[in-house]
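Engineer: Got a structure for you, data.txt, holding compact mmCIF, C-alpha atoms and all ligand atoms.
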```txt
# COMPACT_ATOMS: atom_id res chain seq x y z
CA MET V 1238 141.20 40.73 10.96
CA TYR V 1239 141.33 41.12 7.24
CA ASN V 1240 138.90 41.40 4.35
CA ARG V 1241 138.57 38.50 1.99
CA LYS V 1242 137.10 38.74 -1.44
CA CYS V 1243 136.15 35.18 -1.88
CA ILE V 1244 134.43 33.63 1.09
CA SER V 1245 133.06 30.18 0.90
CA ALA V 1246 129.96 29.19 2.77
CA LEU V 1247 129.52 25.61 1.74
CA LEU V 1248 128.92 24.06 5.11
CA GLY V 1249 126.45 26.57 6.47
CA VAL V 1250 124.20 26.10 3.50
CA ILE V 1251 122.99 22.66 4.30
CA LEU V 1252 120.34 22.82 6.98
CA MET V 1253 118.80 19.41 7.24
CA THR V 1254 117.19 18.41 10.43
CA ALA V 1255 116.26 14.79 10.38
CA LEU V 1256 117.86 11.43 9.97
CA TYR V 1257 117.44 10.43 6.36
CA GLY V 1258 116.45 6.97 5.27
CA CYS V 1259 118.96 4.59 3.79
CA THR V 1260 119.02 4.13 0.06
CA GLU V 1261 120.33 0.90 -1.32
CA LYS V 1262 121.50 0.51 -4.90
CA SER V 1263 122.87 -2.48 -6.64
CA ALA V 1264 123.91 -3.37 -10.14
CA ASP V 1265 124.56 -6.92 -11.22
CA ASP V 1266 128.32 -6.66 -11.25
CA LYS V 1267 128.74 -4.16 -8.42
CA PRO V 1268 128.62 -4.57 -4.64
CA THR V 1269 125.52 -3.17 -2.97
CA GLU V 1270 125.90 0.51 -2.14
CA SER V 1271 124.00 1.96 0.80
CA GLU V 1272 123.84 5.55 1.88
CA VAL V 1273 122.45 7.38 4.87
CA GLY V 1274 122.30 11.12 5.55
CA LEU V 1275 121.86 12.78 8.91
CA PHE V 1276 122.27 16.14 10.54
CA ALA V 1277 124.39 15.80 13.65
CA MET V 1278 127.14 17.71 15.46
CA ASP V 1279 126.08 20.88 13.69
CA THR V 1280 126.75 19.54 10.23
CA TYR V 1281 125.19 17.46 7.47
CA MET V 1282 126.73 14.02 7.25
CA SER V 1283 126.60 11.53 4.42
CA LEU V 1284 127.64 7.97 5.17
CA LYS V 1285 128.19 5.51 2.32
CA ALA V 1286 129.08 1.83 2.64
CA TYR V 1287 129.29 -1.20 0.38
CA GLY V 1288 128.34 -4.80 1.02
CA PRO V 1289 125.27 -6.93 1.56
CA ASN V 1290 124.60 -5.74 5.12
CA ALA V 1291 125.72 -2.16 4.63
CA ASP V 1292 122.23 -0.79 5.10
CA LYS V 1293 121.85 -2.07 8.66
CA SER V 1294 125.46 -1.19 9.56
CA LEU V 1295 124.98 2.39 8.42
CA GLN V 1296 121.90 2.68 10.61
CA ASN V 1297 123.97 1.42 13.55
CA ALA V 1298 126.78 3.86 12.74
CA SER V 1299 124.43 6.83 12.45
CA GLU V 1300 122.71 5.92 15.72
CA ARG V 1301 126.15 5.85 17.38
CA ILE V 1302 126.94 9.32 16.02
CA THR V 1303 123.61 10.65 17.31
CA GLN V 1304 124.24 9.03 20.69
CA LEU V 1305 127.70 10.63 20.90
CA GLU V 1306 126.22 13.99 20.00
CA SER V 1307 123.74 13.77 22.84
CA LEU V 1308 126.61 12.95 25.19
CA LEU V 1309 129.09 15.56 23.98
CA SER V 1310 127.05 18.53 22.78
CA VAL V 1311 127.86 21.77 24.55
CA THR V 1312 124.42 23.27 23.98
CA ASP V 1313 122.10 20.31 24.60
CA SER V 1314 120.94 20.56 28.22
CA GLY V 1315 120.79 16.76 28.46
CA SER V 1316 124.44 16.19 27.53
CA GLU V 1317 127.24 15.23 29.90
CA ILE V 1318 129.28 18.23 28.82
CA TYR V 1319 126.36 20.54 29.57
CA ARG V 1320 125.93 18.93 32.99
CA LEU V 1321 129.64 19.26 33.73
CA ASN V 1322 129.66 22.91 32.60
CA ASN V 1323 126.70 23.68 34.81
CA ALA V 1324 127.76 21.73 37.90
CA GLU V 1325 129.17 24.85 39.60
CA GLY V 1326 132.44 23.19 40.42
CA LYS V 1327 130.97 19.94 41.71
CA GLU V 1328 132.26 16.52 40.63
CA THR V 1329 130.21 15.16 37.70
CA PRO V 1330 130.15 11.49 36.65
CA LEU V 1331 131.32 10.87 33.09
CA SER V 1332 130.87 8.06 30.59
CA PRO V 1333 134.06 6.38 29.33
CA GLU V 1334 133.77 8.27 26.01
CA THR V 1335 133.59 11.71 27.62
CA GLY V 1336 136.38 10.85 30.06
CA PHE V 1337 138.55 9.62 27.19
CA LEU V 1338 137.96 12.77 25.12
CA ILE V 1339 138.69 15.12 28.02
CA ARG V 1340 141.90 13.22 28.80
CA SER V 1341 142.93 13.22 25.12
CA SER V 1342 142.19 16.94 24.86
CA LEU V 1343 144.38 17.65 27.87
CA GLU V 1344 147.17 15.63 26.26
CA PHE V 1345 146.83 17.47 22.93
CA GLY V 1346 146.84 20.74 24.84
CA SER V 1347 150.20 20.00 26.42
CA GLU V 1348 151.63 18.48 23.22
CA THR V 1349 150.75 21.60 21.23
CA ASN V 1350 151.94 24.08 23.84
CA GLY V 1351 148.38 25.09 24.59
CA ALA V 1352 147.20 25.62 20.99
CA PHE V 1353 144.44 23.06 21.61
CA ASP V 1354 142.35 24.25 24.52
CA ILE V 1355 138.87 22.96 25.30
CA THR V 1356 138.46 25.52 28.09
CA LEU V 1357 138.07 28.31 25.52
CA TYR V 1358 134.32 27.75 25.58
CA PRO V 1359 133.37 30.87 27.62
CA VAL V 1360 135.27 32.94 25.04
CA SER V 1361 133.81 31.28 21.93
CA LYS V 1362 130.35 31.49 23.49
CA GLU V 1363 130.83 35.25 23.91
CA TRP V 1364 131.76 35.53 20.22
CA GLY V 1365 128.52 33.62 19.49
CA PHE V 1366 130.20 30.77 17.65
CA THR V 1367 128.22 28.09 19.46
CA THR V 1368 124.84 29.84 19.16
CA GLY V 1369 125.08 31.77 15.90
CA SER V 1370 124.37 35.07 17.73
CA TYR V 1371 127.65 36.58 16.59
CA LYS V 1372 129.25 39.67 18.07
CA VAL V 1373 132.72 41.12 18.55
CA PRO V 1374 133.31 41.22 22.32
CA SER V 1375 135.17 44.12 23.91
CA GLU V 1376 138.84 43.62 24.71
CA GLU V 1377 138.06 43.88 28.43
CA ARG V 1378 135.42 41.17 28.17
CA ILE V 1379 137.80 38.81 26.36
CA LYS V 1380 140.48 39.46 28.99
CA GLU V 1381 137.98 38.76 31.75
CA LEU V 1382 136.84 35.50 30.13
CA LEU V 1383 140.40 34.35 29.45
CA GLU V 1384 140.86 34.33 33.24
CA LYS V 1385 138.50 31.33 33.35
CA THR V 1386 140.41 29.33 30.73
CA GLY V 1387 143.36 26.98 31.04
CA SER V 1388 143.68 23.23 31.50
CA ASP V 1389 144.60 23.70 35.19
CA ASN V 1390 140.93 24.33 35.73
CA ILE V 1391 139.98 20.78 34.71
CA SER V 1392 140.28 18.12 37.34
CA LEU V 1393 139.70 14.71 35.77
CA SER V 1394 139.67 11.63 38.01
CA ASN V 1395 142.42 9.08 37.34
CA ASP V 1396 140.06 6.59 35.76
CA GLY V 1397 138.20 9.29 33.79
CA SER V 1398 134.87 8.44 35.41
CA GLY V 1399 134.32 11.93 36.77
CA ALA V 1400 135.53 15.52 36.51
CA LEU V 1401 135.07 18.91 38.06
CA LEU V 1402 135.72 22.35 36.65
CA LYS V 1403 137.33 25.03 38.79
CA ASN V 1404 137.35 28.80 38.62
CA GLY V 1405 134.16 29.07 36.55
CA ALA V 1406 135.71 27.10 33.68
CA ASN V 1407 133.56 25.54 30.93
CA ILE V 1408 134.63 23.14 28.22
CA ASP V 1409 133.68 22.39 24.61
CA LEU V 1410 134.79 19.32 22.67
CA GLY V 1411 133.87 20.85 19.28
CA GLY V 1412 137.47 20.60 18.06
CA ILE V 1413 137.76 16.85 18.61
CA ALA V 1414 134.30 15.22 18.89
CA LYS V 1415 133.55 14.79 15.19
CA GLY V 1416 136.85 12.98 14.57
CA TYR V 1417 136.09 10.64 17.45
CA ALA V 1418 132.57 10.05 16.16
CA GLY V 1419 134.02 9.19 12.73
CA SER V 1420 136.39 6.67 14.30
CA CYS V 1421 133.58 5.09 16.32
CA ALA V 1422 131.32 4.89 13.27
CA ALA V 1423 134.13 3.27 11.24
CA GLU V 1424 134.67 0.72 14.03
CA ILE V 1425 131.00 -0.24 13.96
CA LEU V 1426 131.12 -0.75 10.21
CA LYS V 1427 134.29 -2.84 10.44
CA ASP V 1428 132.86 -4.96 13.26
CA ASP V 1429 129.91 -5.65 10.96
CA GLY V 1430 132.31 -6.89 8.30
CA ILE V 1431 132.17 -3.81 6.06
CA GLU V 1432 135.37 -3.45 4.06
CA SER V 1433 134.53 -0.37 2.07
CA ALA V 1434 132.92 2.85 3.30
CA ILE V 1435 133.32 6.60 3.19
CA LEU V 1436 131.83 8.83 5.85
CA ASN V 1437 131.56 12.48 4.98
CA MET V 1438 131.05 14.48 8.15
CA GLY V 1439 131.41 18.15 7.27
CA GLY V 1440 135.12 18.97 7.21
CA ASN V 1441 135.89 15.42 8.36
CA VAL V 1442 136.10 12.43 6.07
CA GLN V 1443 136.56 8.96 7.51
CA THR V 1444 137.27 6.08 5.17
CA VAL V 1445 137.02 2.35 5.78
CA GLY V 1446 139.24 0.16 3.61
CA THR V 1447 139.41 1.05 -0.06
CA LYS V 1448 136.82 1.70 -2.73
CA PRO V 1449 134.92 -1.50 -3.60
CA ASP V 1450 137.13 -1.94 -6.67
CA GLY V 1451 140.23 -2.02 -4.48
CA ASN V 1452 141.50 1.44 -5.45
CA ALA V 1453 142.22 4.11 -2.85
CA TRP V 1454 139.52 6.60 -1.92
CA LYS V 1455 140.14 10.02 -3.43
CA VAL V 1456 139.23 12.75 -0.97
CA GLY V 1457 138.95 16.32 -2.26
CA ILE V 1458 140.33 19.18 -0.19
CA GLN V 1459 138.33 22.36 -0.62
CA ASP V 1460 139.97 25.62 -1.65
CA PRO V 1461 139.43 27.67 1.55
CA GLU V 1462 138.81 30.81 -0.51
CA ASP V 1463 136.57 29.34 -3.20
CA SER V 1464 134.11 26.60 -2.32
CA SER V 1465 133.65 25.76 -6.00
CA LYS V 1466 137.27 24.65 -6.31
CA LEU V 1467 139.55 22.06 -4.82
CA VAL V 1468 143.11 22.52 -3.67
CA GLY V 1469 143.70 18.91 -4.61
CA MET V 1470 142.85 15.30 -3.94
CA VAL V 1471 144.48 12.92 -1.53
CA SER V 1472 144.34 9.16 -2.07
CA VAL V 1473 143.80 7.18 1.12
CA ALA V 1474 142.73 3.80 2.43
CA ASP V 1475 141.37 3.23 5.92
CA LYS V 1476 142.24 6.73 7.05
CA ALA V 1477 140.66 9.92 8.36
CA VAL V 1478 141.11 13.15 6.40
CA VAL V 1479 140.22 16.09 8.62
CA THR V 1480 140.24 19.75 7.62
CA SER V 1481 140.09 22.86 9.78
CA GLY V 1482 139.60 26.25 8.19
CA GLY V 1483 138.28 29.65 9.07
CA TYR V 1484 135.78 29.34 6.19
CA GLU V 1485 133.89 26.57 8.00
CA ARG V 1486 132.29 28.99 10.47
CA TYR V 1487 132.74 32.74 10.50
CA PHE V 1488 130.93 36.05 10.51
CA GLU V 1489 131.58 39.49 9.10
CA ASP V 1490 131.21 42.79 10.94
CA ASP V 1491 129.88 46.06 9.50
CA ASP V 1492 133.39 47.02 8.36
CA GLY V 1493 133.83 43.81 6.43
CA ASN V 1494 136.19 42.19 8.93
CA ILE V 1495 135.96 38.43 9.10
CA TYR V 1496 136.03 36.52 12.40
CA TRP V 1497 136.29 32.74 12.40
CA HIS V 1498 135.59 30.05 14.98
CA ILE V 1499 139.08 28.73 15.70
CA LEU V 1500 140.44 30.86 18.51
CA ASP V 1501 143.95 31.45 19.72
CA PRO V 1502 143.94 30.48 23.41
CA LYS V 1503 146.60 33.12 24.10
CA THR V 1504 144.52 36.04 22.81
CA GLY V 1505 140.88 34.87 22.81
CA TYR V 1506 140.62 36.21 19.23
CA PRO V 1507 140.30 34.18 16.01
CA ALA V 1508 143.69 32.56 15.40
CA GLN V 1509 145.82 34.80 13.22
CA SER V 1510 148.42 32.35 12.00
CA ASP V 1511 149.58 32.23 8.39
CA ILE V 1512 147.36 29.17 7.77
CA ILE V 1513 143.90 29.42 6.18
CA SER V 1514 143.26 25.70 6.01
CA VAL V 1515 144.95 22.58 7.28
CA THR V 1516 144.09 18.98 6.55
CA VAL V 1517 145.48 16.17 8.69
CA ILE V 1518 145.52 12.61 7.38
CA GLY V 1519 146.00 9.62 9.67
CA SER V 1520 144.66 6.34 10.99
CA ASP V 1521 142.99 7.85 14.05
CA GLY V 1522 140.21 10.37 13.42
CA THR V 1523 140.34 11.71 16.98
CA ILE V 1524 144.01 12.62 16.62
CA CYS V 1525 143.50 14.11 13.16
CA ASP V 1526 140.64 16.29 14.40
CA ALA V 1527 142.40 17.66 17.48
CA LEU V 1528 145.50 18.32 15.43
CA SER V 1529 143.85 20.05 12.49
CA THR V 1530 142.45 22.59 14.95
CA SER V 1531 145.79 22.90 16.77
CA LEU V 1532 147.95 23.26 13.65
CA PHE V 1533 145.64 26.00 12.37
CA VAL V 1534 146.49 27.97 15.51
CA MET V 1535 150.20 27.09 15.38
CA GLY V 1536 150.88 28.35 11.84
CA THR V 1537 153.14 26.84 9.18
CA GLU V 1538 156.31 27.00 11.23
CA GLY V 1539 154.86 25.38 14.36
CA ALA V 1540 152.86 22.91 12.27
CA SER V 1541 155.93 21.86 10.22
CA ALA V 1542 157.96 21.32 13.38
CA TYR V 1543 155.16 19.25 14.92
CA LEU V 1544 154.64 17.16 11.80
CA LYS V 1545 158.36 16.45 11.44
CA ASN V 1546 158.17 14.65 14.79
CA HIS V 1547 154.99 12.77 13.82
CA SER V 1548 155.76 10.97 10.60
CA GLU V 1549 152.66 8.80 11.04
CA LEU V 1550 150.56 11.83 10.11
CA GLY V 1551 150.17 13.46 6.72
CA ALA V 1552 149.10 17.06 6.16
CA VAL V 1553 148.08 19.53 3.47
CA ILE V 1554 148.33 23.17 4.48
CA VAL V 1555 147.15 26.23 2.57
CA SER V 1556 148.82 29.40 3.75
CA ARG V 1557 147.33 32.87 3.69
CA ASP V 1558 149.63 33.78 0.78
CA ARG V 1559 148.14 30.77 -1.05
CA LYS V 1560 151.16 28.54 -0.91
CA LEU V 1561 150.65 24.82 -0.59
CA TYR V 1562 152.60 22.79 1.96
CA ILE V 1563 152.41 19.00 2.15
CA THR V 1564 154.22 16.41 4.21
CA GLU V 1565 156.76 14.22 2.47
CA ASN V 1566 154.82 11.04 3.30
CA ILE V 1567 151.80 11.98 1.15
CA ARG V 1568 153.81 13.28 -1.80
CA ASP V 1569 152.86 10.33 -4.01
CA ASN V 1570 149.25 10.33 -2.86
CA PHE V 1571 148.40 13.98 -3.41
CA LYS V 1572 147.44 15.66 -6.65
CA SER V 1573 146.90 19.42 -6.68
CA SER V 1574 144.10 20.97 -8.73
CA GLY V 1575 142.22 24.22 -9.34
CA ASP V 1576 144.42 27.30 -8.80
CA PHE V 1577 147.08 25.03 -7.36
CA ALA V 1578 147.45 22.70 -10.36
CA GLY V 1579 151.05 22.77 -11.46
CA CYS V 1580 152.05 25.15 -8.63
CA GLU V 1581 155.19 24.61 -6.66
CA ILE V 1582 154.43 22.59 -3.54
CA ILE V 1583 156.52 23.07 -0.42
CA ILE V 1584 157.42 19.76 1.14
CA ILE V 1585 157.56 19.73 4.93
P1 LIG Y 1601 137.55 22.21 14.06
O1 LIG Y 1601 136.48 22.52 13.07
O2 LIG Y 1601 137.75 20.75 14.32
O3 LIG Y 1601 138.84 22.89 13.78
O4 LIG Y 1601 137.06 22.72 15.48
C1 LIG Y 1601 136.70 24.04 15.69
C2 LIG Y 1601 135.86 24.07 16.94
O5 LIG Y 1601 136.68 23.76 18.07
C3 LIG Y 1601 135.31 25.44 17.23
O6 LIG Y 1601 134.05 25.62 16.64
C4 LIG Y 1601 135.24 25.44 18.76
O7 LIG Y 1601 134.12 24.71 19.17
C5 LIG Y 1601 136.47 24.67 19.13
N1 LIG Y 1601 137.72 25.47 19.23
C6 LIG Y 1601 137.99 26.72 18.76
N2 LIG Y 1601 139.27 27.06 18.98
C7 LIG Y 1601 139.83 25.99 19.63
C8 LIG Y 1601 141.13 25.73 20.14
N3 LIG Y 1601 142.13 26.60 20.03
N4 LIG Y 1601 141.33 24.54 20.77
C9 LIG Y 1601 140.32 23.63 20.89
N5 LIG Y 1601 139.08 23.82 20.42
C10 LIG Y 1601 138.85 24.98 19.79
MG MG Y 1602 139.38 19.71 14.93
```
Take the structure from the file and write it as structure tokens.

Structural biologist:
Amino acid sequence: MYNRKCISALLGVILMTALYGCTEKSADDKPTESEVGLFAMDTYMSLKAYGPNADKSLQNASERITQLESLLSVTDSGSEIYRLNNAEGKETPLSPETGFLIRSSLEFGSETNGAFDITLYPVSKEWGFTTGSYKVPSEERIKELLEKTGSDNISLSNDGSGALLKNGANIDLGGIAKGYAGSCAAEILKDDGIESAILNMGGNVQTVGTKPDGNAWKVGIQDPEDSSKLVGMVSVADKAVVTSGGYERYFEDDDGNIYWHILDPKTGYPAQSDIISVTVIGSDGTICDALSTSLFVMGTEGASAYLKNHSELGAVIVSRDRKLYITENIRDNFKSSGDFAGCEIIII
């Protein structure tokens, strides 16, 4: 671990507990803007949409997010994931959504050589990342818990309608669920005829179409070492922009060491790659979310190699030595700012 001078704590600050009412604004020459705020999936979300029926659509979208949370939460005793984790190895029926996300997670796990691993849950629970009761586990304890991890311990039925966990394994979809929820919410809005929306879901931003005036949405990417600054802005239309960074959830021990929530499945410790934040931009929020977590673990070299083979995805990476890496395909749509304004950008 290492000491950091500047630690941002933007996301932890907002502790709102209820679903907020919609606000609707309109000016004569502007489309109606509606906004809804909610606290779900451990983060404050702000959903904004434009159009005459945006108000109702946003309510539908936020209800869908809440419904997905109650299905996928690892701590809610009524959730499917909780039931599966506590089934003591017995087959548990799954909804199509949960089955899909477990299957996708297994696929991302094999595509990223194990960097994405939903079976890390017993280890991250021990660190206290899912409860907030943080502690540094002993090396022996981490070793012991790593024995329970690995995708081999998940047996998912062919049609995804049921699963069982072997060898005391437990799973957590925290690295992928928010991206999926963003995609589902965007689908609801589109089905309702909404052509312009921006859903801010913690480190995940999901856009629908363009801004009402037809220009691209400009999504700011936070400086991982200074929450008051941006690394830059990316211009997107109809895309997800998903960031993973150690600054999103971490704790500090008595010696000032920082431990963050994205773990390296090989060690059971916070991932020590040369990346401090990675943003993935693409059409599918589920993919962007799983990959932002994975690339954080893989480091700049592994991430660059992966991205070279996936030209449909864009990425902005901030390395520990504060260099900025971006993929070629977003070159014209990215503008650096803050400490990075005018800096050399490494194209990957
Ligand atoms: P994200 O903010 O999307 O990068 O997801 C981080 C969350 O994913 C953590 O809080 C854990 O719940 C979970 N997680 C941590 N490390 C991993 C990993 N290597 N693979 C998959 N999920 C992880
Ligand atoms: Mg993720």

Engineer: Just want the residues within 10 Å of ligand MG 1602 (chain Y), written as an MDAnalysis selection string, counting all atoms listed in the file.

Structural biologist: chainID V and resid 1353 1410:1417 1440:1441 1479:1482 1499 1515:1517 1522:1533

Engineer: Ranking V:Ile1302, V:Arg1559, V:Asn1404, V:Asn1566 by minimum distance to His1547 in chain V and counting all atoms listed in the file, which one comes first?

Structural biologist: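 Looking only at the distances to His1547 in chain V, the closest residue turns out to be V:Asn1566.
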
Engineer: From the set V:Asn1290, V:Lys1455, V:Pro1359, V:Asp1396, which residue has the shortest atom-to-atom contact distance to Lys1380 in chain V, counting all atoms listed in the file?

Structural biologist: V:Pro1359

Engineer: Please indicate the distance in Å from CA of Asn1390 in chain V to CA of Gly1336 in chain V, rounded to one decimal place.

Structural biologist: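 Between CA of Asn1390 in chain V and CA of Gly1336 in chain V the gap works out to 15.3 Å.
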
Engineer: Here is a test: counting only C-alpha atoms, which residue of V:Ser1556, V:Gln1459, V:Ser1433, V:Ser1332 is nearest to Gln1304 in chain V?

Structural biologist: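 Looking at the shortest contact to Gln1304 in chain V, the residue is V:Ser1332.
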
Engineer: Grab all the atoms of range 1266-1284 of chain V that the file lists, wrap them in a box along x, y and z, add 8 Å per side, and give me centre plus edge lengths in Å (one decimal) as lines of an AutoDock Vina configuration file.

Structural biologist:
```
center_x = 125.3
center_y = 7.1
center_z = 2.1
size_x = 22.9
size_y = 43.5
size_z = 42.7
```

Engineer: As an MDAnalysis selection string, please: the residues near Glu1376 in chain V (cut-off 12 Å, all atoms listed in the file, same-chain neighbours under 5 positions excluded).

Structural biologist: chainID V and resid 1360 1363:1364 1381:1383 1504:1506

Engineer: Keeping only C-alpha atoms, take the residues you just selected and write them out as a compact mmCIF listing (two decimals), in the frame of the given file.

Structural biologist:
```txt
# COMPACT_ATOMS: atom_id res chain seq x y z
CA VAL V 1360 135.27 32.94 25.04
CA GLU V 1363 130.83 35.25 23.91
CA TRP V 1364 131.76 35.53 20.22
CA GLU V 1381 137.98 38.76 31.75
CA LEU V 1382 136.84 35.50 30.13
CA LEU V 1383 140.40 34.35 29.45
CA THR V 1504 144.52 36.04 22.81
CA GLY V 1505 140.88 34.87 22.81
CA TYR V 1506 140.62 36.21 19.23
```

Engineer: Measure the distance from CA of Ser1472 in chain V to CA of Asn1570 in chain V in Å and round it to one decimal.

Structural biologist: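 Distance between the two atoms: 5.1 Å.
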
Engineer: Hey, can you check how far CA of Ser1361 in chain V sits from atom C10 of ligand LIG 1601 (chain Y)?

Structural biologist: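 Atom-to-atom, CA of Ser1361 in chain V and atom C10 of ligand LIG 1601 (chain Y) are spaced 8.3 Å apart.
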
Engineer: Using all atoms listed in the file for the distances, tell me which of V:Tyr1371, V:Tyr1358, V:Phe1337, V:Phe1276 is nearest to ligand LIG 1601 (chain Y).

Structural biologist: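 Checking each candidate against ligand LIG 1601 (chain Y), we get V:Tyr1358 as the closest.
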
Engineer: So, counting only C-alpha atoms, which residue among V:Ala1477, V:Asn1323, V:Val1534, V:Ile1513 is closest to Leu1550 in chain V?

Structural biologist: V:Ala1477

Engineer: Choose the residue, out of V:Leu1401, V:Lys1476, V:Asp1490, V:Ile1512, that has the smallest atom-to-atom separation from Glu1549 in chain V; count all atoms listed in the file.

Structural biologist: V:Lys1476

Engineer: Extract, using all atoms listed in the file, all DNA, RNA and protein residues at most 10 Å from Cys1580 in chain V, discarding same-chain residues fewer than 6 positions from it, and format them as a ChimeraX atom specification.

Structural biologist: /V:1560-1561,1573-1574

Engineer: When you look at range 1418-1425 of chain V with a cut-off of 10 Å (counting only C-alpha atoms), what residues show up, excluding the ones that are within fewer than 6 positions of it in the same chain? I need them as a PDB file with C-alpha atoms, keeping the file's coordinate frame.

Structural biologist:
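Output contents, as saved in part-v3.pdb:
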```pdb
ATOM      1  CA  MET V1278     127.140  17.710  15.460  1.00  0.00           C
ATOM      2  CA  LEU V1284     127.640   7.970   5.170  1.00  0.00           C
ATOM      3  CA  SER V1294     125.460  -1.190   9.560  1.00  0.00           C
ATOM      4  CA  LEU V1295     124.980   2.390   8.420  1.00  0.00           C
ATOM      5  CA  ASN V1297     123.970   1.420  13.550  1.00  0.00           C
ATOM      6  CA  ALA V1298     126.780   3.860  12.740  1.00  0.00           C
ATOM      7  CA  SER V1299     124.430   6.830  12.450  1.00  0.00           C
ATOM      8  CA  GLU V1300     122.710   5.920  15.720  1.00  0.00           C
ATOM      9  CA  ARG V1301     126.150   5.850  17.380  1.00  0.00           C
ATOM     10  CA  ILE V1302     126.940   9.320  16.020  1.00  0.00           C
ATOM     11  CA  THR V1303     123.610  10.650  17.310  1.00  0.00           C
ATOM     12  CA  GLN V1304     124.240   9.030  20.690  1.00  0.00           C
ATOM     13  CA  LEU V1305     127.700  10.630  20.900  1.00  0.00           C
ATOM     14  CA  GLU V1306     126.220  13.990  20.000  1.00  0.00           C
ATOM     15  CA  ILE V1431     132.170  -3.810   6.060  1.00  0.00           C
ATOM     16  CA  GLU V1432     135.370  -3.450   4.060  1.00  0.00           C
ATOM     17  CA  SER V1433     134.530  -0.370   2.070  1.00  0.00           C
ATOM     18  CA  ALA V1434     132.920   2.850   3.300  1.00  0.00           C
ATOM     19  CA  ILE V1435     133.320   6.600   3.190  1.00  0.00           C
ATOM     20  CA  LEU V1436     131.830   8.830   5.850  1.00  0.00           C
ATOM     21  CA  ASN V1437     131.560  12.480   4.980  1.00  0.00           C
ATOM     22  CA  MET V1438     131.050  14.480   8.150  1.00  0.00           C
ATOM     23  CA  ASN V1441     135.890  15.420   8.360  1.00  0.00           C
ATOM     24  CA  VAL V1442     136.100  12.430   6.070  1.00  0.00           C
ATOM     25  CA  GLN V1443     136.560   8.960   7.510  1.00  0.00           C
ATOM     26  CA  THR V1444     137.270   6.080   5.170  1.00  0.00           C
ATOM     27  CA  VAL V1445     137.020   2.350   5.780  1.00  0.00           C
ATOM     28  CA  GLY V1446     139.240   0.160   3.610  1.00  0.00           C
ATOM     29  CA  ASP V1475     141.370   3.230   5.920  1.00  0.00           C
ATOM     30  CA  LYS V1476     142.240   6.730   7.050  1.00  0.00           C
ATOM     31  CA  ALA V1477     140.660   9.920   8.360  1.00  0.00           C
ATOM     32  CA  SER V1520     144.660   6.340  10.990  1.00  0.00           C
ATOM     33  CA  ASP V1521     142.990   7.850  14.050  1.00  0.00           C
ATOM     34  CA  GLY V1522     140.210  10.370  13.420  1.00  0.00           C
ATOM     35  CA  THR V1523     140.340  11.710  16.980  1.00  0.00           C
ATOM     36  CA  ILE V1524     144.010  12.620  16.620  1.00  0.00           C
ATOM     37  CA  ASP V1526     140.640  16.290  14.400  1.00  0.00           C
TER      38      ASP V1526
END
```
